[in-house]
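Okay, final-v4.cif is below, mmCIF, C-alpha atoms:
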data_target
#
loop_
_atom_site.label_atom_id
_atom_site.label_comp_id
_atom_site.auth_asym_id
_atom_site.auth_seq_id
_atom_site.Cartn_x
_atom_site.Cartn_y
_atom_site.Cartn_z
CA MET A 225 -30.04 21.62 0.82
CA SER A 226 -33.54 20.52 1.84
CA SER A 227 -34.11 17.35 3.84
CA SER A 228 -35.59 15.67 0.77
CA SER A 229 -32.54 16.64 -1.32
CA ALA A 230 -30.21 15.39 1.41
CA SER A 231 -32.11 12.11 1.52
CA SER A 232 -31.87 11.80 -2.25
CA VAL A 233 -28.10 12.39 -2.17
CA SER A 234 -27.69 9.90 0.64
CA SER A 235 -29.66 7.14 -1.09
CA ALA A 236 -27.87 7.70 -4.41
CA LEU A 237 -24.33 7.83 -2.99
CA ALA A 238 -24.63 5.40 -0.06
CA PRO A 239 -23.62 2.41 -2.25
CA TYR A 240 -20.38 4.28 -2.98
CA GLY A 241 -19.59 4.85 0.71
CA TRP A 242 -21.35 8.16 1.45
CA ASP A 243 -22.18 8.55 5.15
CA GLU A 244 -23.00 11.22 7.72
CA ALA A 245 -19.35 12.08 8.27
CA TRP A 246 -18.85 12.77 4.55
CA ALA A 247 -22.06 14.82 4.51
CA GLU A 248 -20.74 16.91 7.40
CA ALA A 249 -17.39 17.42 5.65
CA PHE A 250 -19.22 18.53 2.50
CA ALA A 251 -21.50 21.03 4.30
CA PRO A 252 -19.34 24.14 3.54
CA TYR A 253 -19.53 23.40 -0.20
CA GLU A 254 -23.23 22.66 -0.10
CA ALA A 255 -23.87 26.33 0.60
CA GLU A 256 -22.01 27.18 -2.62
CA GLY A 257 -24.37 25.01 -4.63
CA LEU A 258 -21.73 22.41 -5.47
CA LEU A 259 -22.51 18.71 -5.93
CA PRO A 260 -20.92 15.93 -3.86
CA GLY A 261 -19.55 12.98 -5.77
CA ARG A 262 -17.01 10.17 -5.72
CA VAL A 263 -14.26 9.81 -8.29
CA VAL A 264 -14.53 6.42 -10.01
CA ARG A 265 -11.81 6.95 -12.63
CA VAL A 266 -9.09 9.50 -13.47
CA ASP A 267 -7.68 9.93 -16.96
CA ARG A 268 -5.43 12.69 -18.36
CA GLY A 269 -6.54 15.61 -16.25
CA GLN A 270 -10.19 14.61 -16.20
CA CYS A 271 -12.19 12.27 -14.04
CA ASP A 272 -15.46 10.36 -14.00
CA VAL A 273 -17.53 11.25 -10.95
CA VAL A 274 -20.69 9.58 -9.67
CA THR A 275 -23.20 12.06 -8.20
CA ALA A 276 -26.84 12.03 -7.10
CA ASP A 277 -27.62 13.51 -10.54
CA GLY A 278 -25.86 10.63 -12.27
CA PRO A 279 -22.32 10.09 -13.59
CA LEU A 280 -20.48 13.03 -15.11
CA ARG A 281 -17.13 13.95 -16.57
CA ALA A 282 -15.20 16.76 -14.87
CA ASP A 283 -11.95 18.61 -15.35
CA THR A 284 -9.42 18.60 -12.48
CA ALA A 285 -7.55 21.77 -13.49
CA PHE A 286 -8.63 23.67 -10.36
CA VAL A 287 -7.20 21.00 -8.03
CA THR A 288 -3.92 20.07 -9.72
CA PRO A 289 -1.29 21.26 -7.21
CA HIS A 290 2.47 20.90 -7.47
CA ASP A 291 2.32 18.22 -4.76
CA PRO A 292 1.61 14.92 -6.59
CA LEU A 293 0.05 13.49 -3.43
CA ARG A 294 -2.77 16.04 -3.58
CA VAL A 295 -3.96 15.44 -7.12
CA VAL A 296 -7.45 14.04 -7.67
CA CYS A 297 -7.39 10.26 -7.31
CA THR A 298 -9.78 7.34 -7.69
CA GLY A 299 -11.70 7.03 -4.44
CA ASP A 300 -11.67 10.75 -3.62
CA TRP A 301 -14.87 12.51 -2.55
CA VAL A 302 -15.10 15.82 -4.39
CA ALA A 303 -17.20 18.96 -4.81
CA VAL A 304 -18.23 19.42 -8.44
CA GLU A 305 -19.84 22.30 -10.30
CA PRO A 306 -23.54 21.59 -10.93
CA GLY A 307 -23.34 22.73 -14.57
CA GLY A 308 -21.11 24.16 -17.25
CA ASN A 309 -19.13 22.82 -20.16
CA PRO A 310 -16.64 21.68 -19.17
CA ARG A 311 -17.51 21.01 -15.55
CA TYR A 312 -14.80 21.36 -12.92
CA VAL A 313 -13.92 19.63 -9.68
CA ARG A 314 -13.58 22.52 -7.23
CA THR A 315 -12.02 20.66 -4.30
CA CYS A 316 -11.37 17.27 -2.71
CA LEU A 317 -12.69 16.47 0.75
CA PRO A 318 -10.00 15.57 3.32
CA ARG A 319 -8.96 11.95 2.83
CA ARG A 320 -9.43 9.37 5.55
CA THR A 321 -6.73 7.10 4.13
CA ALA A 322 -4.40 7.13 1.12
CA PHE A 323 -2.34 4.34 -0.45
CA VAL A 324 0.96 5.90 -1.57
CA ARG A 325 4.06 4.41 -3.16
CA SER A 326 7.34 5.92 -4.31
CA THR A 327 7.59 6.55 -8.05
CA SER A 328 10.31 4.96 -10.13
CA SER A 329 11.54 8.38 -11.20
CA GLN A 330 14.78 9.90 -9.97
CA ARG A 331 12.80 12.74 -8.39
CA SER A 332 11.69 10.54 -5.49
CA GLU A 333 8.08 11.62 -5.66
CA GLY A 334 5.19 9.86 -4.03
CA GLN A 335 2.33 8.54 -6.15
CA ILE A 336 -1.12 8.11 -4.68
CA LEU A 337 -2.85 4.98 -5.99
CA ALA A 338 -6.18 5.11 -4.17
CA ALA A 339 -7.95 7.27 -1.58
CA ASN A 340 -10.39 6.60 1.26
CA VAL A 341 -9.70 2.86 1.33
CA ASP A 342 -10.71 0.56 4.20
CA HIS A 343 -9.12 -2.68 2.95
CA ALA A 344 -6.00 -3.23 0.85
CA VAL A 345 -6.40 -6.58 -0.90
CA ILE A 346 -2.97 -7.88 -1.96
CA ALA A 347 -3.35 -10.48 -4.71
CA VAL A 348 -0.52 -13.04 -4.88
CA SER A 349 -0.56 -15.77 -7.53
CA LEU A 350 0.12 -19.36 -6.49
CA ALA A 351 1.16 -20.06 -10.09
CA LEU A 352 4.58 -18.71 -9.11
CA GLU A 353 6.93 -19.28 -6.18
CA LEU A 354 5.95 -17.09 -3.23
CA ASP A 355 8.00 -13.90 -2.91
CA LEU A 356 7.59 -13.20 0.81
CA GLY A 357 9.76 -10.09 0.65
CA ARG A 358 7.47 -8.54 -1.94
CA ILE A 359 4.42 -9.40 0.15
CA GLU A 360 6.03 -7.70 3.16
CA ARG A 361 6.65 -4.61 1.01
CA PHE A 362 2.97 -4.43 -0.03
CA LEU A 363 1.95 -4.94 3.61
CA ALA A 364 4.14 -2.08 4.83
CA LEU A 365 2.52 0.32 2.35
CA SER A 366 -0.93 -1.00 3.22
CA TRP A 367 -0.50 -0.51 6.98
CA GLU A 368 1.00 2.93 6.41
CA SER A 369 -2.01 3.93 4.29
CA GLY A 370 -4.37 3.43 7.22
CA ALA A 371 -6.17 0.52 5.53
CA GLN A 372 -6.48 -3.04 6.84
CA PRO A 373 -4.44 -5.35 4.59
CA VAL A 374 -5.71 -8.71 3.36
CA VAL A 375 -3.52 -11.18 1.44
CA VAL A 376 -5.39 -13.21 -1.19
CA LEU A 377 -3.57 -16.23 -2.62
CA THR A 378 -5.12 -16.49 -6.07
CA LYS A 379 -5.25 -19.53 -8.37
CA ALA A 380 -5.49 -21.88 -5.39
CA ASP A 381 -6.83 -24.56 -7.75
CA LEU A 382 -3.25 -24.93 -9.05
CA VAL A 383 -2.30 -26.37 -5.64
CA PRO A 384 -4.68 -29.32 -5.31
CA ASP A 385 -2.83 -30.89 -2.37
CA ALA A 386 -4.45 -29.57 0.81
CA VAL A 387 -1.32 -30.07 2.94
CA THR A 388 0.87 -28.13 0.50
CA LEU A 389 -1.68 -25.32 0.33
CA ALA A 390 -1.85 -25.17 4.13
CA HIS A 391 1.96 -24.83 4.30
CA LEU A 392 1.89 -21.97 1.78
CA VAL A 393 -0.79 -20.17 3.76
CA GLN A 394 1.24 -20.65 6.94
CA ASP A 395 4.37 -19.23 5.28
CA VAL A 396 2.47 -16.08 4.35
CA GLU A 397 0.81 -15.82 7.77
CA THR A 398 4.27 -15.87 9.37
CA SER A 399 5.25 -12.92 7.19
CA ALA A 400 1.94 -11.12 7.73
CA PRO A 401 1.17 -10.98 11.48
CA GLY A 402 -2.37 -9.78 12.18
CA VAL A 403 -3.39 -10.03 8.51
CA PRO A 404 -6.07 -12.36 7.09
CA VAL A 405 -4.63 -14.74 4.46
CA VAL A 406 -7.30 -16.15 2.13
CA PRO A 407 -6.61 -18.79 -0.56
CA VAL A 408 -9.02 -18.19 -3.44
CA SER A 409 -9.84 -19.82 -6.76
CA SER A 410 -11.88 -17.70 -9.13
CA ARG A 411 -12.27 -20.78 -11.32
CA ASP A 412 -14.08 -22.99 -8.81
CA GLY A 413 -15.22 -20.34 -6.32
CA VAL A 414 -13.19 -21.56 -3.33
CA GLY A 415 -12.64 -18.77 -0.78
CA LEU A 416 -14.72 -16.18 -2.64
CA ASP A 417 -17.41 -16.15 0.06
CA VAL A 418 -14.77 -15.42 2.71
CA LEU A 419 -13.27 -12.59 0.67
CA ALA A 420 -16.69 -11.16 -0.24
CA ALA A 421 -17.55 -10.97 3.46
CA ILE A 422 -14.32 -9.07 4.18
CA VAL A 423 -14.73 -6.50 1.39
CA GLY A 424 -18.52 -6.26 1.75
CA GLY A 425 -18.25 -3.19 3.96
CA GLY A 426 -16.39 -0.05 2.96
CA THR A 427 -13.92 0.48 0.12
CA SER A 428 -11.26 -2.02 -0.94
CA VAL A 429 -8.34 -1.55 -3.34
CA LEU A 430 -7.05 -4.55 -5.28
CA LEU A 431 -3.25 -4.60 -5.61
CA GLY A 432 -0.65 -6.93 -7.07
CA GLN A 433 1.65 -7.70 -9.97
CA SER A 434 0.48 -8.26 -13.52
CA GLY A 435 -0.65 -11.86 -13.86
CA ALA A 436 -1.77 -12.13 -10.23
CA GLY A 437 -5.38 -12.63 -11.36
CA LYS A 438 -6.72 -9.29 -10.10
CA SER A 439 -9.14 -8.69 -12.99
CA THR A 440 -10.42 -12.29 -12.81
CA LEU A 441 -10.88 -11.87 -9.07
CA ALA A 442 -12.69 -8.55 -9.56
CA ASN A 443 -15.06 -10.19 -12.07
CA ALA A 444 -15.75 -13.03 -9.62
CA LEU A 445 -16.62 -10.57 -6.85
CA LEU A 446 -18.76 -8.50 -9.22
CA GLY A 447 -20.59 -11.56 -10.53
CA GLU A 448 -20.05 -10.52 -14.15
CA ASP A 449 -17.23 -9.97 -16.64
CA VAL A 450 -16.68 -6.26 -16.20
CA MET A 451 -12.88 -6.25 -16.26
CA GLU A 452 -11.01 -7.49 -19.34
CA VAL A 453 -8.87 -10.57 -18.75
CA GLN A 454 -5.87 -11.68 -20.82
CA ALA A 455 -4.08 -15.00 -20.97
CA ILE A 456 -0.96 -15.49 -18.87
CA ARG A 457 2.36 -16.37 -20.52
CA ASP A 458 3.32 -19.98 -19.81
CA VAL A 459 7.04 -19.15 -19.88
CA ASP A 460 7.04 -17.07 -16.70
CA GLY A 461 3.46 -16.97 -15.41
CA LYS A 462 3.25 -13.21 -15.96
CA GLY A 463 0.58 -11.20 -17.71
CA ARG A 464 0.28 -7.89 -19.49
CA HIS A 465 -1.38 -4.85 -17.97
CA THR A 466 -5.00 -5.78 -18.62
CA THR A 467 -6.21 -2.97 -16.36
CA THR A 468 -4.67 0.35 -17.43
CA THR A 469 -6.55 2.73 -15.11
CA ARG A 470 -7.81 2.58 -11.54
CA ASN A 471 -11.57 1.95 -11.57
CA LEU A 472 -14.03 2.11 -8.67
CA LEU A 473 -16.81 -0.48 -8.92
CA VAL A 474 -19.84 -1.17 -6.70
CA LEU A 475 -19.99 -4.77 -5.44
CA PRO A 476 -23.38 -6.54 -5.52
CA GLY A 477 -22.96 -7.77 -1.94
CA GLY A 478 -22.11 -4.30 -0.61
CA GLY A 479 -18.95 -2.24 -0.57
CA VAL A 480 -16.91 -0.89 -3.46
CA LEU A 481 -13.75 -2.18 -5.13
CA ILE A 482 -10.94 -0.19 -6.75
CA ASP A 483 -9.13 -2.32 -9.33
CA THR A 484 -5.60 -1.18 -10.24
CA PRO A 485 -3.07 -1.90 -13.01
CA GLY A 486 -0.37 -4.45 -12.22
CA LEU A 487 2.45 -2.89 -10.20
CA ARG A 488 5.98 -3.72 -11.33
CA GLY A 489 7.64 -1.48 -8.78
CA VAL A 490 6.43 -1.07 -5.21
CA GLY A 491 8.74 1.50 -3.65
CA LEU A 492 8.20 2.54 -0.05
CA TRP A 493 7.13 6.12 0.69
CA ASP A 494 7.66 7.29 4.27
CA ALA A 495 6.39 3.95 5.61
CA GLU A 496 8.38 3.48 8.82
CA THR A 497 5.24 2.84 10.88
CA GLY A 498 4.00 0.35 8.30
CA VAL A 499 7.32 -1.51 8.32
CA GLY A 500 7.14 -1.69 12.10
CA GLN A 501 3.67 -3.27 11.92
CA VAL A 502 4.75 -5.85 9.34
CA PHE A 503 7.67 -6.88 11.55
CA SER A 504 5.89 -6.44 14.86
CA GLU A 505 7.64 -9.44 16.41
CA ILE A 506 11.05 -7.86 15.74
CA GLU A 507 9.87 -4.54 17.20
CA GLU A 508 8.70 -6.37 20.33
CA LEU A 509 11.97 -8.28 20.64
CA SER A 510 13.90 -5.00 20.24
CA GLU A 511 12.35 -3.71 23.46
CA ARG A 512 14.23 -6.48 25.33
CA CYS A 513 17.64 -5.64 23.85
CA ARG A 514 20.28 -4.43 26.29
CA PHE A 515 20.85 -1.22 24.33
CA HIS A 516 17.94 0.96 23.27
CA ASP A 517 19.67 1.80 19.94
CA CYS A 518 20.66 -1.79 19.21
CA ALA A 519 21.24 -2.41 15.48
CA HIS A 520 20.81 -6.19 15.90
CA GLU A 521 24.15 -6.90 14.26
CA ALA A 522 26.68 -8.00 16.88
CA GLU A 523 25.74 -6.16 20.07
CA PRO A 524 25.85 -8.07 23.36
CA GLY A 525 22.46 -8.70 24.92
CA CYS A 526 20.59 -8.43 21.59
CA ALA A 527 17.21 -10.14 21.99
CA VAL A 528 16.66 -10.21 18.21
CA LEU A 529 19.89 -12.13 17.51
CA ALA A 530 19.09 -14.45 20.41
CA ALA A 531 15.71 -15.20 18.82
CA ILE A 532 17.46 -16.07 15.54
CA ASP A 533 19.91 -18.36 17.34
CA SER A 534 17.05 -20.17 19.06
CA GLY A 535 15.07 -20.53 15.83
CA GLU A 536 12.23 -18.34 17.10
CA LEU A 537 12.88 -15.72 14.39
CA PRO A 538 13.85 -16.62 10.79
CA GLN A 539 17.01 -14.93 9.53
CA ARG A 540 15.11 -13.98 6.36
CA ARG A 541 12.69 -11.84 8.37
CA LEU A 542 15.49 -9.80 9.95
CA GLU A 543 17.20 -9.27 6.58
CA SER A 544 13.92 -8.14 5.01
CA TYR A 545 13.26 -5.81 7.95
CA ARG A 546 16.70 -4.21 7.60
CA LYS A 547 16.28 -3.84 3.83
CA LEU A 548 12.92 -2.09 4.04
CA LEU A 549 14.07 0.23 6.85
CA ARG A 550 17.17 1.23 4.85
CA GLU A 551 15.10 1.85 1.72
CA ASN A 552 12.55 3.90 3.62
CA GLN A 553 15.27 5.95 5.28
CA ARG A 554 16.81 6.75 1.87
CA ILE A 555 13.46 7.89 0.47
CA VAL A 556 12.68 10.08 3.47
CA ALA A 557 16.20 11.51 3.54
CA LYS A 558 15.85 12.74 -0.05
CA THR A 559 13.03 15.04 1.01
CA ASP A 560 14.15 15.84 4.57
CA ALA A 561 17.32 17.93 4.93
CA ARG A 562 17.37 17.53 8.73
CA LEU A 563 17.26 13.76 8.45
CA ARG A 564 20.04 13.78 5.84
CA ALA A 565 22.22 15.68 8.31
CA GLU A 566 21.39 13.17 11.07
CA ILE A 567 22.29 10.25 8.79
CA ARG A 568 25.62 11.81 7.86
CA LYS A 569 26.31 12.43 11.56
CA ASP A 570 25.49 8.80 12.33
CA TRP A 571 27.80 7.59 9.55
CA LYS A 572 30.66 9.72 10.96
CA ARG A 573 29.98 8.39 14.48
CA LYS A 574 30.06 4.78 13.30
CA GLY A 575 33.17 5.49 11.24
CA ALA A 576 34.92 6.96 14.27
CA MET A 577 33.92 3.96 16.38
CA GLY A 578 35.28 1.62 13.69
CA ARG A 579 38.59 3.47 13.53
CA ALA A 580 38.86 3.46 17.31
CA ALA A 581 38.24 -0.28 17.39
CA MET A 582 40.97 -0.84 14.77
CA GLU A 583 43.41 1.32 16.73
CA ALA A 584 42.61 -0.65 19.87
CA LYS A 585 43.29 -3.93 18.05
CA ARG A 586 46.57 -2.61 16.68
CA GLY A 587 47.61 -1.44 20.15
CA ALA A 588 46.82 -4.83 21.63
CA HIS A 589 48.83 -6.48 18.83
CA TRP A 590 51.90 -4.36 19.44
CA ARG A 591 51.69 -4.85 23.21
CA ALA A 592 51.57 -8.59 22.65
#
Target encoding structure tokens, full file:
Amino acid sequence: MSSSSASSVSSALAPYGWDEAWAEAFAPYEAEGLLPGRVVRVDRGQCDVVTADGPLRADTAFVTPHDPLRVVCTGDWVAVEPGGNPRYVRTCLPRRTAFVRSTSSQRSEGQILAANVDHAVIAVSLALELDLGRIERFLALSWESGAQPVVVLTKADLVPDAVTLAHLVQDVETSAPGVPVVPVSSRDGVGLDVLAAIVGGGTSVLLGQSGAGKSTLANALLGEDVMEVQAIRDVDGKGRHTTTTRNLLVLPGGGVLIDTPGLRGVGLWDAETGVGQVFSEIEELSERCRFHDCAHEAEPGCAVLAAIDSGELPQRRLESYRKLLRENQRIVAKTDARLRAEIRKDWKRKGAMGRAAMEAKRGAHWRA
């Protein structure tokens, strides 16, 4: 590729996140005459790709492996054939980050929702009571993906009392250490400038349940009604799936946004590191426990239980931490035979300890 061609590709794709590192990763395919492009939408084995030659439709048949985590996804950078009917995506460039959740199927497969994301924007509606456990679940997946999470409390205009709103923000901040929490109202524009500054660089994916106001928020950031918006049911504050595909959109202030359908289920997928980051205060307390394998249940010298007794750590946080760790362990164990064996061994060890404790109690009773 000549310097003028390289410059043309750079100027055309820069708004979509193209940089020198992507150009270097694409170099081997440049020699084959393939075109670089970013996937802006995937639909039934085909995808829409933006290239320096303009948008095009391409078939993904050549890169549809058995591993569902390696299929072409919105946000991927790909190498596309320069011509042909149909055109084909030949390969995906190695991903920098990937947002993955567990599917709801019994096969325990992972599903990739977005690739090469810098910020994971978690939309939470203030029209409903805050579900802190669900927020923590989204945060664990976001940290595990490699993206920086941001919690956006949408429909802030429904909480006109400033003190009440401040308490809600504080509740979320307690459950989201190290994460920006931004109350936003798409109706009156409050907080949009703060959010626009955060997502103005790099790629952001917009996540949340149906009815969280994601499409309205996307339209506010885009400055025009690009995404369809439907009314929310008064009976439960929920909405239907207005967005049915994941779409990558260029923001006028810089950066790109991937809007996603509402997520009913948010299952963890090998997210132990992410869980640890969400509950960083518990991980830090654990280092002060007397036993290195402390389960924080009834062990003497447990710093976590001491923090609960003193009021430093809410009991809800510990219960949520345990729940997410157990769920993650189950998911990983289904695909890891060695781990399954270790879990069974641990169950037998704990069972033996329990039986020994009962025998000791019985012996003490009879001696008495």
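CA of Ala421 (chain A) sits 22.8 Å away from CA of Thr298 (chain A).
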I need the residue set behind the PyMOL selection byres ((chain A and resi 490) around 12) for this file; please write it as a PDB file with C-alpha atoms, keeping the file's coordinate frame.
ATOM      1  CA  PHE A 323      -2.340   4.340  -0.450  1.00  0.00           C
ATOM      2  CA  VAL A 324       0.960   5.900  -1.570  1.00  0.00           C
ATOM      3  CA  ARG A 325       4.060   4.410  -3.160  1.00  0.00           C
ATOM      4  CA  SER A 326       7.340   5.920  -4.310  1.00  0.00           C
ATOM      5  CA  THR A 327       7.590   6.550  -8.050  1.00  0.00           C
ATOM      6  CA  SER A 328      10.310   4.960 -10.130  1.00  0.00           C
ATOM      7  CA  GLY A 334       5.190   9.860  -4.030  1.00  0.00           C
ATOM      8  CA  GLN A 335       2.330   8.540  -6.150  1.00  0.00           C
ATOM      9  CA  ILE A 336      -1.120   8.110  -4.680  1.00  0.00           C
ATOM     10  CA  LEU A 337      -2.850   4.980  -5.990  1.00  0.00           C
ATOM     11  CA  GLY A 357       9.760 -10.090   0.650  1.00  0.00           C
ATOM     12  CA  ARG A 358       7.470  -8.540  -1.940  1.00  0.00           C
ATOM     13  CA  ILE A 359       4.420  -9.400   0.150  1.00  0.00           C
ATOM     14  CA  GLU A 360       6.030  -7.700   3.160  1.00  0.00           C
ATOM     15  CA  ARG A 361       6.650  -4.610   1.010  1.00  0.00           C
ATOM     16  CA  PHE A 362       2.970  -4.430  -0.030  1.00  0.00           C
ATOM     17  CA  LEU A 363       1.950  -4.940   3.610  1.00  0.00           C
ATOM     18  CA  ALA A 364       4.140  -2.080   4.830  1.00  0.00           C
ATOM     19  CA  LEU A 365       2.520   0.320   2.350  1.00  0.00           C
ATOM     20  CA  SER A 366      -0.930  -1.000   3.220  1.00  0.00           C
ATOM     21  CA  LEU A 431      -3.250  -4.600  -5.610  1.00  0.00           C
ATOM     22  CA  GLY A 432      -0.650  -6.930  -7.070  1.00  0.00           C
ATOM     23  CA  GLN A 433       1.650  -7.700  -9.970  1.00  0.00           C
ATOM     24  CA  GLY A 486      -0.370  -4.450 -12.220  1.00  0.00           C
ATOM     25  CA  LEU A 487       2.450  -2.890 -10.200  1.00  0.00           C
ATOM     26  CA  ARG A 488       5.980  -3.720 -11.330  1.00  0.00           C
ATOM     27  CA  GLY A 489       7.640  -1.480  -8.780  1.00  0.00           C
ATOM     28  CA  GLY A 491       8.740   1.500  -3.650  1.00  0.00           C
ATOM     29  CA  LEU A 492       8.200   2.540  -0.050  1.00  0.00           C
ATOM     30  CA  TRP A 493       7.130   6.120   0.690  1.00  0.00           C
ATOM     31  CA  ALA A 495       6.390   3.950   5.610  1.00  0.00           C
ATOM     32  CA  LEU A 548      12.920  -2.090   4.040  1.00  0.00           C
ATOM     33  CA  GLU A 551      15.100   1.850   1.720  1.00  0.00           C
ATOM     34  CA  ASN A 552      12.550   3.900   3.620  1.00  0.00           C
TER      35      ASN A 552
END
Expected selection from the PyMOL selection byres ((chain A and resi 311) around 10), given as number ranges by chain: A: 270, 280-284, 304-310, 312-314
Saved selection, atoms kept: C-alpha atoms, as a tab-separated table (two decimals), in the frame of the given file:
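Dumped to part_35.tsv:
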chain	number	residue	atom	x	y	z
A	270	GLN	CA	-10.19	14.61	-16.20
A	280	LEU	CA	-20.48	13.03	-15.11
A	281	ARG	CA	-17.13	13.95	-16.57
A	282	ALA	CA	-15.20	16.76	-14.87
A	283	ASP	CA	-11.95	18.61	-15.35
A	284	THR	CA	-9.42	18.60	-12.48
A	304	VAL	CA	-18.23	19.42	-8.44
A	305	GLU	CA	-19.84	22.30	-10.30
A	306	PRO	CA	-23.54	21.59	-10.93
A	307	GLY	CA	-23.34	22.73	-14.57
A	308	GLY	CA	-21.11	24.16	-17.25
A	309	ASN	CA	-19.13	22.82	-20.16
A	310	PRO	CA	-16.64	21.68	-19.17
A	312	TYR	CA	-14.80	21.36	-12.92
A	313	VAL	CA	-13.92	19.63	-9.68
A	314	ARG	CA	-13.58	22.52	-7.23
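With the shown file loaded, the PyMOL selection byres ((chain A and resi 383) around 12) picks out Ser349, Leu350, Ala351, Leu352, Glu353, Leu377, Thr378, Lys379, Ala380, Asp381, Leu382, Pro384, Asp385, Ala386, Val387, Thr388, Leu389, Ala390, His391, Leu392, Val393, Pro407, Val408 and Ser409 of chain A.
Nearest residue to Asp395 (chain A) among A:Pro538, A:Pro260, A:Gly525, A:Pro279 is A:Pro538, counting all atoms listed in the file.
When all atoms listed in the file are used to compute distances to Ala230 (chain A), the closest of the residues A:Ala276, A:Leu549, A:Leu419, A:Ala522 turns out to be A:Ala276.
Among the candidates A:Val375, A:Leu472, A:Leu481, A:Val345, the residue lying nearest to Val266 (chain A) is A:Leu472 (atoms considered: only C-alpha atoms).
In this structure, CA of Thr321 (chain A) sits 19.0 Å away from CA of Val273 (chain A).
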Distance criterion (all atoms listed in the file): nearest to Asp483 (chain A) out of A:Ala531, A:Val556, A:Ala442, A:Ala322: A:Ala442
For CA of Ile532 (chain A) and CA of Thr497 (chain A), the interatomic separation in Å (one decimal): 23.0 Å
Distance query Pro318 (chain A) at most 12 Å, all atoms listed in the file, self and fewer than 5 positions along chain excluded, as a PyMOL selection string: chain A and resi 245-246+248-250+294+296+299-303+339-340
All heavy atoms for region 309-313 of chain A, written as a PDB file, keeping the file's coordinate frame, could you do that?
ATOM      1  N   ASN A 309     -19.795  23.677 -19.186  1.00  0.00           N
ATOM      2  CA  ASN A 309     -19.130  22.820 -20.160  1.00  0.00           C
ATOM      3  C   ASN A 309     -17.765  23.435 -20.506  1.00  0.00           C
ATOM      4  O   ASN A 309     -17.693  24.435 -21.208  1.00  0.00           O
ATOM      5  CB  ASN A 309     -19.989  22.666 -21.413  1.00  0.00           C
ATOM      6  CG  ASN A 309     -19.403  21.649 -22.382  1.00  0.00           C
ATOM      7  OD1 ASN A 309     -18.598  20.814 -21.980  1.00  0.00           O
ATOM      8  ND2 ASN A 309     -19.784  21.741 -23.646  1.00  0.00           N
ATOM      9  N   PRO A 310     -16.658  22.898 -19.991  1.00  0.00           N
ATOM     10  CA  PRO A 310     -16.640  21.680 -19.170  1.00  0.00           C
ATOM     11  C   PRO A 310     -17.004  21.959 -17.714  1.00  0.00           C
ATOM     12  O   PRO A 310     -16.985  23.112 -17.274  1.00  0.00           O
ATOM     13  CB  PRO A 310     -15.182  21.244 -19.272  1.00  0.00           C
ATOM     14  CG  PRO A 310     -14.422  22.542 -19.411  1.00  0.00           C
ATOM     15  CD  PRO A 310     -15.311  23.418 -20.239  1.00  0.00           C
ATOM     16  N   ARG A 311     -17.314  20.893 -16.995  1.00  0.00           N
ATOM     17  CA  ARG A 311     -17.510  21.010 -15.550  1.00  0.00           C
ATOM     18  C   ARG A 311     -16.155  20.866 -14.870  1.00  0.00           C
ATOM     19  O   ARG A 311     -15.237  20.243 -15.409  1.00  0.00           O
ATOM     20  CB  ARG A 311     -18.440  19.907 -15.041  1.00  0.00           C
ATOM     21  CG  ARG A 311     -19.857  20.010 -15.587  1.00  0.00           C
ATOM     22  CD  ARG A 311     -20.765  19.119 -14.783  1.00  0.00           C
ATOM     23  NE  ARG A 311     -22.114  19.110 -15.342  1.00  0.00           N
ATOM     24  CZ  ARG A 311     -23.173  18.659 -14.698  1.00  0.00           C
ATOM     25  NH1 ARG A 311     -23.051  18.172 -13.474  1.00  0.00           N
ATOM     26  NH2 ARG A 311     -24.361  18.680 -15.269  1.00  0.00           N
ATOM     27  N   TYR A 312     -16.070  21.422 -13.654  1.00  0.00           N
ATOM     28  CA  TYR A 312     -14.800  21.360 -12.920  1.00  0.00           C
ATOM     29  C   TYR A 312     -15.013  20.790 -11.521  1.00  0.00           C
ATOM     30  O   TYR A 312     -16.025  21.052 -10.887  1.00  0.00           O
ATOM     31  CB  TYR A 312     -14.180  22.753 -12.811  1.00  0.00           C
ATOM     32  CG  TYR A 312     -13.626  23.292 -14.110  1.00  0.00           C
ATOM     33  CD1 TYR A 312     -14.397  24.127 -14.908  1.00  0.00           C
ATOM     34  CD2 TYR A 312     -12.345  22.958 -14.518  1.00  0.00           C
ATOM     35  CE1 TYR A 312     -13.899  24.626 -16.107  1.00  0.00           C
ATOM     36  CE2 TYR A 312     -11.831  23.454 -15.719  1.00  0.00           C
ATOM     37  CZ  TYR A 312     -12.612  24.281 -16.508  1.00  0.00           C
ATOM     38  OH  TYR A 312     -12.116  24.758 -17.687  1.00  0.00           O
ATOM     39  N   VAL A 313     -14.003  20.006 -11.090  1.00  0.00           N
ATOM     40  CA  VAL A 313     -13.920  19.630  -9.680  1.00  0.00           C
ATOM     41  C   VAL A 313     -13.332  20.832  -8.952  1.00  0.00           C
ATOM     42  O   VAL A 313     -12.251  21.313  -9.300  1.00  0.00           O
ATOM     43  CB  VAL A 313     -13.006  18.400  -9.496  1.00  0.00           C
ATOM     44  CG1 VAL A 313     -12.774  18.140  -8.013  1.00  0.00           C
ATOM     45  CG2 VAL A 313     -13.604  17.173 -10.160  1.00  0.00           C
TER      46      VAL A 313
END
